[in-house]
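Here is target.txt, consisting of compact mmCIF, C-alpha atoms and all ligand atoms:
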# COMPACT_ATOMS: atom_id res chain seq x y z
CA MET A 1 117.71 100.25 45.97
CA ILE A 2 119.54 103.31 47.34
CA LYS A 3 118.20 106.70 46.24
CA LEU A 4 119.38 110.06 47.51
CA SER A 5 117.51 113.23 46.52
CA HIS A 6 119.09 116.60 47.28
CA VAL A 7 120.75 115.36 50.46
CA THR A 8 122.64 117.86 52.59
CA LYS A 9 124.33 116.94 55.86
CA ARG A 10 125.53 119.61 58.26
CA TYR A 11 127.11 118.42 61.52
CA PRO A 12 126.24 120.18 64.80
CA ASN A 13 129.53 122.13 64.64
CA GLY A 14 128.26 123.76 61.41
CA HIS A 15 130.48 121.77 59.03
CA GLU A 16 128.63 120.83 55.85
CA ALA A 17 129.92 117.34 54.96
CA LEU A 18 127.49 116.78 52.04
CA HIS A 19 125.75 119.36 49.87
CA ASP A 20 122.76 118.66 47.60
CA VAL A 21 123.78 115.10 46.72
CA SER A 22 121.46 113.09 44.46
CA PHE A 23 122.04 109.63 42.95
CA ASP A 24 120.30 106.34 42.43
CA ILE A 25 121.82 102.88 42.77
CA ALA A 26 119.77 100.06 41.28
CA ALA A 27 119.26 96.72 43.01
CA GLY A 28 122.09 94.39 42.01
CA GLU A 29 124.46 97.19 40.94
CA MET A 30 128.09 97.47 42.09
CA VAL A 31 129.27 101.07 42.33
CA PHE A 32 132.48 102.74 43.44
CA LEU A 33 132.41 105.89 45.55
CA ALA A 34 135.57 107.91 44.96
CA GLY A 35 136.74 111.06 46.67
CA HIS A 36 139.59 112.65 48.59
CA SER A 37 139.97 112.30 52.33
CA GLY A 38 137.18 114.34 53.93
CA ALA A 39 135.05 114.38 50.74
CA GLY A 40 132.10 112.93 52.66
CA LYS A 41 132.26 109.20 51.84
CA SER A 42 131.92 107.92 55.41
CA THR A 43 129.18 110.48 56.08
CA LEU A 44 127.27 109.05 53.13
CA PHE A 45 127.52 105.53 54.58
CA LYS A 46 126.40 106.81 58.00
CA LEU A 47 123.31 108.32 56.37
CA ILE A 48 122.47 105.13 54.45
CA THR A 49 122.71 103.07 57.67
CA ARG A 50 120.75 105.71 59.65
CA ILE A 51 123.66 106.31 62.05
CA GLU A 52 123.22 109.97 61.03
CA LYS A 53 120.19 111.80 59.64
CA PRO A 54 120.34 114.26 56.74
CA THR A 55 119.84 117.96 57.48
CA SER A 56 117.66 118.14 54.34
CA GLY A 57 116.78 115.93 51.40
CA GLN A 58 115.46 112.40 51.16
CA ILE A 59 117.09 108.97 51.39
CA LEU A 60 115.28 105.83 50.25
CA VAL A 61 116.78 102.40 50.97
CA ASP A 62 114.79 99.54 49.51
CA ASN A 63 111.85 101.95 49.17
CA GLN A 64 111.94 102.91 52.86
CA ASN A 65 112.19 106.62 53.53
CA LEU A 66 114.88 106.76 56.22
CA SER A 67 113.65 110.09 57.60
CA ARG A 68 110.31 108.46 58.40
CA LEU A 69 111.74 105.14 59.59
CA ARG A 70 110.63 104.33 63.12
CA ASP A 71 113.35 103.60 65.66
CA ASN A 72 112.10 100.02 66.06
CA LYS A 73 112.72 99.40 62.32
CA ILE A 74 116.38 100.48 62.44
CA PRO A 75 117.79 97.07 63.53
CA ALA A 76 116.08 95.39 60.54
CA LEU A 77 117.49 98.06 58.19
CA ARG A 78 120.99 97.47 59.59
CA ARG A 79 120.67 93.69 59.27
CA ASP A 80 119.96 94.19 55.58
CA ILE A 81 123.12 96.29 55.11
CA GLY A 82 126.51 94.66 55.69
CA VAL A 83 129.24 97.21 56.46
CA ILE A 84 132.98 96.58 56.02
CA PHE A 85 135.54 98.97 57.50
CA GLN A 86 139.15 99.55 56.46
CA ASP A 87 140.37 98.76 59.98
CA HIS A 88 138.14 95.63 60.22
CA LYS A 89 136.86 96.52 63.73
CA LEU A 90 137.48 92.91 64.81
CA LEU A 91 137.58 91.73 68.43
CA MET A 92 141.22 90.75 68.72
CA ASP A 93 140.74 88.58 71.83
CA ARG A 94 137.99 86.47 70.23
CA SER A 95 138.35 83.73 67.62
CA VAL A 96 137.56 84.17 63.94
CA PHE A 97 134.42 82.07 64.55
CA ASP A 98 133.22 84.33 67.39
CA ASN A 99 133.89 87.49 65.37
CA VAL A 100 131.86 86.24 62.41
CA ALA A 101 129.12 84.73 64.61
CA LEU A 102 128.58 87.89 66.66
CA PRO A 103 125.69 89.40 64.64
CA LEU A 104 123.85 86.05 64.86
CA ILE A 105 124.50 85.59 68.60
CA VAL A 106 123.06 89.08 69.14
CA ILE A 107 119.76 88.06 67.52
CA GLY A 108 119.61 84.76 69.47
CA MET A 109 120.00 82.34 66.55
CA PRO A 110 120.30 78.64 67.56
CA HIS A 111 123.90 77.41 67.83
CA ASP A 112 123.58 74.75 65.08
CA GLU A 113 122.35 77.32 62.58
CA ILE A 114 125.13 79.73 63.61
CA GLN A 115 127.75 77.03 62.99
CA LYS A 116 126.37 76.31 59.53
CA ARG A 117 126.20 79.97 58.57
CA VAL A 118 129.68 80.83 59.88
CA ARG A 119 131.24 77.91 57.99
CA ALA A 120 129.46 78.95 54.80
CA ALA A 121 130.52 82.60 55.18
CA LEU A 122 134.14 81.70 55.88
CA GLY A 123 134.09 79.39 52.85
CA LYS A 124 132.85 82.21 50.62
CA VAL A 125 135.74 84.50 51.64
CA GLY A 126 138.37 81.73 51.40
CA LEU A 127 138.99 81.28 55.15
CA SER A 128 137.77 77.72 55.71
CA GLY A 129 139.67 76.04 58.54
CA LYS A 130 140.66 79.30 60.26
CA GLU A 131 137.68 79.34 62.67
CA LYS A 132 139.71 78.85 65.85
CA GLN A 133 142.49 81.34 65.14
CA LEU A 134 142.68 84.74 66.77
CA PRO A 135 142.55 87.62 64.25
CA ILE A 136 145.98 88.80 65.40
CA THR A 137 147.49 85.60 63.93
CA LEU A 138 146.08 86.43 60.47
CA SER A 139 147.51 88.65 57.73
CA GLY A 140 145.91 92.04 56.96
CA GLY A 141 144.15 90.60 53.91
CA GLU A 142 142.81 87.66 55.94
CA GLN A 143 141.58 90.00 58.67
CA GLN A 144 139.74 91.98 56.02
CA ARG A 145 138.12 88.72 54.84
CA VAL A 146 136.92 88.06 58.41
CA GLY A 147 135.31 91.52 58.34
CA ILE A 148 133.59 90.63 55.05
CA ALA A 149 132.37 87.27 56.42
CA ARG A 150 130.90 89.06 59.45
CA ALA A 151 129.23 91.64 57.19
CA VAL A 152 127.54 88.99 55.01
CA ILE A 153 126.51 86.63 57.81
CA ASN A 154 122.97 88.07 57.97
CA ARG A 155 122.69 87.65 54.16
CA PRO A 156 122.19 91.37 53.57
CA SER A 157 120.97 92.66 50.22
CA ILE A 158 123.37 95.64 50.40
CA LEU A 159 127.11 95.73 51.18
CA LEU A 160 128.86 99.02 51.97
CA ALA A 161 132.65 98.87 52.13
CA ASP A 162 134.63 101.86 53.43
CA GLU A 163 138.18 101.78 51.99
CA PRO A 164 138.36 97.97 52.21
CA THR A 165 141.78 97.79 50.49
CA GLY A 166 143.40 100.81 52.12
CA ASN A 167 146.31 98.94 53.73
CA LEU A 168 146.74 96.13 51.22
CA ASP A 169 149.14 95.62 48.33
CA ASP A 170 147.86 95.36 44.74
CA ALA A 171 147.46 91.57 44.63
CA LEU A 172 145.59 91.39 47.95
CA SER A 173 143.45 94.38 46.97
CA ASP A 174 142.44 92.58 43.77
CA GLU A 175 141.44 89.51 45.79
CA ILE A 176 139.32 91.53 48.23
CA ILE A 177 137.54 93.51 45.48
CA ASP A 178 136.92 90.25 43.60
CA ILE A 179 135.15 88.85 46.68
CA PHE A 180 132.77 91.85 46.53
CA ALA A 181 132.29 91.25 42.80
CA ASP A 182 131.37 87.61 43.59
CA PHE A 183 128.67 88.74 46.05
CA ASN A 184 127.45 91.24 43.47
CA ARG A 185 127.20 88.47 40.87
CA VAL A 186 124.66 86.67 43.06
CA GLY A 187 122.53 89.81 43.35
CA VAL A 188 123.92 91.80 46.29
CA THR A 189 124.00 95.57 45.76
CA VAL A 190 127.55 96.74 46.49
CA MET A 191 128.98 100.21 47.16
CA ILE A 192 132.74 100.53 47.71
CA ALA A 193 134.34 103.78 48.90
CA THR A 194 137.91 103.89 47.69
CA HIS A 195 140.90 106.03 46.84
CA ASP A 196 142.16 103.17 44.68
CA PHE A 197 141.71 104.25 41.07
CA ARG A 198 143.51 101.10 39.93
CA GLN A 199 140.54 99.03 41.13
CA ILE A 200 138.06 101.42 39.50
CA GLU A 201 139.87 101.08 36.17
CA ARG A 202 140.29 97.33 36.54
CA LEU A 203 136.58 96.65 37.10
CA GLY A 204 135.15 99.54 35.07
CA ASN A 205 132.03 99.89 37.24
CA ARG A 206 130.03 103.09 37.54
CA THR A 207 131.80 105.50 39.88
CA ILE A 208 130.25 108.26 41.94
CA HIS A 209 132.80 111.01 42.56
CA LEU A 210 132.54 113.24 45.61
CA ALA A 211 134.62 116.37 46.19
CA HIS A 212 134.14 118.59 49.21
CA GLY A 213 130.72 117.07 49.85
CA GLN A 214 129.42 117.55 46.32
CA LEU A 215 128.93 115.23 43.38
CA MET A 216 131.38 115.86 40.58
CA ASN A 217 130.32 115.55 36.97
CA LEU A 218 133.49 114.27 35.35
CA ALA A 219 132.16 114.97 31.86
CA GLN A 220 132.82 118.64 32.62
CA PRO A 221 135.62 120.55 34.27
CA VAL A 222 135.56 120.15 38.06
CA THR A 223 133.21 122.96 39.06
CA HIS A 224 131.04 121.06 41.57
CA GLN A 225 127.95 121.04 39.39
CA PRO A 226 125.11 118.63 40.15
CA ASN A 227 125.26 115.34 38.25
CA PRO A 228 122.41 115.41 35.70
CA GLU A 229 122.26 111.56 35.64
CA ALA A 230 121.51 111.58 39.34
CA GLU A 231 118.42 113.71 38.81
CA SER A 232 116.54 111.07 36.81
N1 LIG B 1 130.73 114.04 63.59
C1 LIG B 1 131.27 115.04 62.87
N2 LIG B 1 131.21 116.32 63.30
C2 LIG B 1 131.74 117.31 62.57
N3 LIG B 1 132.36 117.14 61.36
C3 LIG B 1 132.47 115.88 60.90
C4 LIG B 1 131.94 114.76 61.62
N4 LIG B 1 132.19 113.63 60.91
C5 LIG B 1 132.84 114.04 59.80
N5 LIG B 1 133.01 115.39 59.80
C6 LIG B 1 133.66 116.20 58.75
O1 LIG B 1 132.92 116.04 57.55
C7 LIG B 1 133.81 115.93 56.42
C8 LIG B 1 133.55 114.62 55.69
O2 LIG B 1 134.01 113.56 56.54
P1 LIG B 1 133.90 112.03 56.10
O3 LIG B 1 134.42 111.22 57.24
O4 LIG B 1 132.54 111.75 55.60
O5 LIG B 1 134.94 112.01 54.87
P2 LIG B 1 135.57 110.78 54.05
O6 LIG B 1 135.40 111.11 52.62
O7 LIG B 1 135.00 109.50 54.54
O8 LIG B 1 137.09 110.87 54.46
P3 LIG B 1 138.20 109.71 54.66
O9 LIG B 1 138.49 109.18 53.29
O10 LIG B 1 139.34 110.43 55.26
O11 LIG B 1 137.58 108.69 55.58
C9 LIG B 1 135.22 116.07 56.98
O12 LIG B 1 135.62 117.43 56.83
C10 LIG B 1 135.07 115.71 58.44
O13 LIG B 1 136.02 116.37 59.23

Would you kindly transcribe this structure into structure tokens?
Amino acid sequence: MIKLSHVTKRYPNGHEALHDVSFDIAAGEMVFLAGHSGAGKSTLFKLITRIEKPTSGQILVDNQNLSRLRDNKIPALRRDIGVIFQDHKLLMDRSVFDNVALPLIVIGMPHDEIQKRVRAALGKVGLSGKEKQLPITLSGGEQQRVGIARAVINRPSILLADEPTGNLDDALSDEIIDIFADFNRVGVTVMIATHDFRQIERLGNRTIHLAHGQLMNLAQPVTHQPNPEAES
């Protein structure tokens, strides 16, 4: 579903954020992406969503080679990838309904269908009945759920979450990660960037470790060697 082969990303200022990264995530897998601040996690998500292009190497998402993807195909790619940010990126002066509906309004979906979809999405994240509230009146965990509802509203086959539990206590973090696990159970491919090793241990999913832009092979001492599993 997501395959990186020897991907290197150097920003225009010369900084190499990723170096020779290769891995493969199967359709329907849920994978954690661990790494220190600045390890390259957000850069990886920007490459998968074609916000950035790799300097070298190849990225396939659902068998599409992103380097060859035409500009007019990028909106469809992005509709198939729901992205959740640590800071929610919600519109604080718009209702929960409007925030979740936004991606559907943008594509001109009829109002009746939007209503149905927003209700269903809010139900899935446990926020039924909160449609009319402003995000500012919700707790941090509830705001994060609004961000998840907005990310799944287009029924994407991939969810990318960038530090989705960063500001939450343990109990709320468990609830948020469990929502991702629920989507994964119905077939959505999920990738969660996190510093939260408690969640990684709790769920036991495969974890891709990045350090200073390189994959770490944890079976060996940390010497920034390529991950042999990722080469297959
Ligand atoms: N647009 C850019 N131009 C230059 N350097 C950048 C740019 N974006 C990120 N970087 C650098 O690339 C490295 C990786 O950044 P990235 O945001 O991918 O890390 P991260 O693992 O997501 O970190 P965090 O956990 O703090 O969000 C950092 O050293 C960062 O300063």

Contact check, chain A to ligand LIG 1 (chain B), at most 9 Å, counting all atoms listed in the file, closest pairs as CSV:
residue,atom,partner,partner_atom,distance
A:Lys9,CA,B:LIG1,O1,8.8
A:Arg10,CA,B:LIG1,N3,7.9
A:Tyr11,CA,B:LIG1,C2,4.9
A:Pro12,CA,B:LIG1,N2,6.5
A:Asn13,CA,B:LIG1,C2,5.7
A:Gly14,CA,B:LIG1,C2,7.4
A:His15,CA,B:LIG1,N3,5.5
A:Glu16,CA,B:LIG1,O1,6.7
A:Ala17,CA,B:LIG1,O1,4.2
A:Leu18,CA,B:LIG1,C8,7.4
A:Ala34,CA,B:LIG1,O6,8.3
A:Gly35,CA,B:LIG1,O6,6.1
A:His36,CA,B:LIG1,O9,5.9
A:Ser37,CA,B:LIG1,O10,3.5
A:Gly38,CA,B:LIG1,O5,3.4
A:Ala39,CA,B:LIG1,O6,3.8
A:Gly40,CA,B:LIG1,O4,3.2
A:Lys41,CA,B:LIG1,O6,3.8
A:Ser42,CA,B:LIG1,O7,3.6
A:Thr43,CA,B:LIG1,O4,3.6
A:Leu44,CA,B:LIG1,O4,6.4
A:Phe45,CA,B:LIG1,O4,8.1
A:Lys46,CA,B:LIG1,O4,8.2
A:Glu52,CA,B:LIG1,N1,8.9
A:Asp162,CA,B:LIG1,O7,7.7
A:Glu163,CA,B:LIG1,O9,7.5
A:Ala193,CA,B:LIG1,O7,8.1
A:Thr194,CA,B:LIG1,O9,7.7
A:His195,CA,B:LIG1,O9,7.6
A:Leu210,CA,B:LIG1,O6,7.9
A:Ala211,CA,B:LIG1,O6,8.3
A:His212,CA,B:LIG1,C8,7.6
A:Gly213,CA,B:LIG1,C8,6.9

Inset, instruction - May I ask which of the residues A:Leu127, A:Ile2, A:Ile84, A:Met109 is the closest one to Thr165 in chain A, counting all atoms listed in the file? - result: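 Answer, going by the shortest atom-to-atom distance: A:Ile84.
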
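Taking CA of Gln143 in chain A as the reference point, CA of Val188 in chain A is found at 21.6 Å.
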
Legend entry - 7 Å contact set for range 22-27 of chain A, all atoms listed in the file, chain neighbours under 4 positions out, as a VMD selection string: chain A and resid 1 to 7 189 230 to 231

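Rounded to one decimal, CA of Ile105 in chain A and CA of Asn154 in chain A lie 11.0 Å from each other.
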
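Considering the residues A:Arg206, A:His111, A:Ser128, A:Thr49 and counting only C-alpha atoms, Lys73 in chain A has its shortest atom-to-atom contact with A:Thr49.
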
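Taking CA of Val146 in chain A and CA of Arg117 in chain A as endpoints, the distance between them is 13.4 Å.
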
Legend entry - Residue nearest Asp182 in chain A - candidates A:Leu77, A:Val125, A:Leu215, A:Leu160, atoms counted: all atoms listed in the file: A:Val125

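Nearest residue to Ile208 in chain A among A:Ala181, A:Leu172, A:Gly187, A:Phe32 is A:Phe32, counting only C-alpha atoms.
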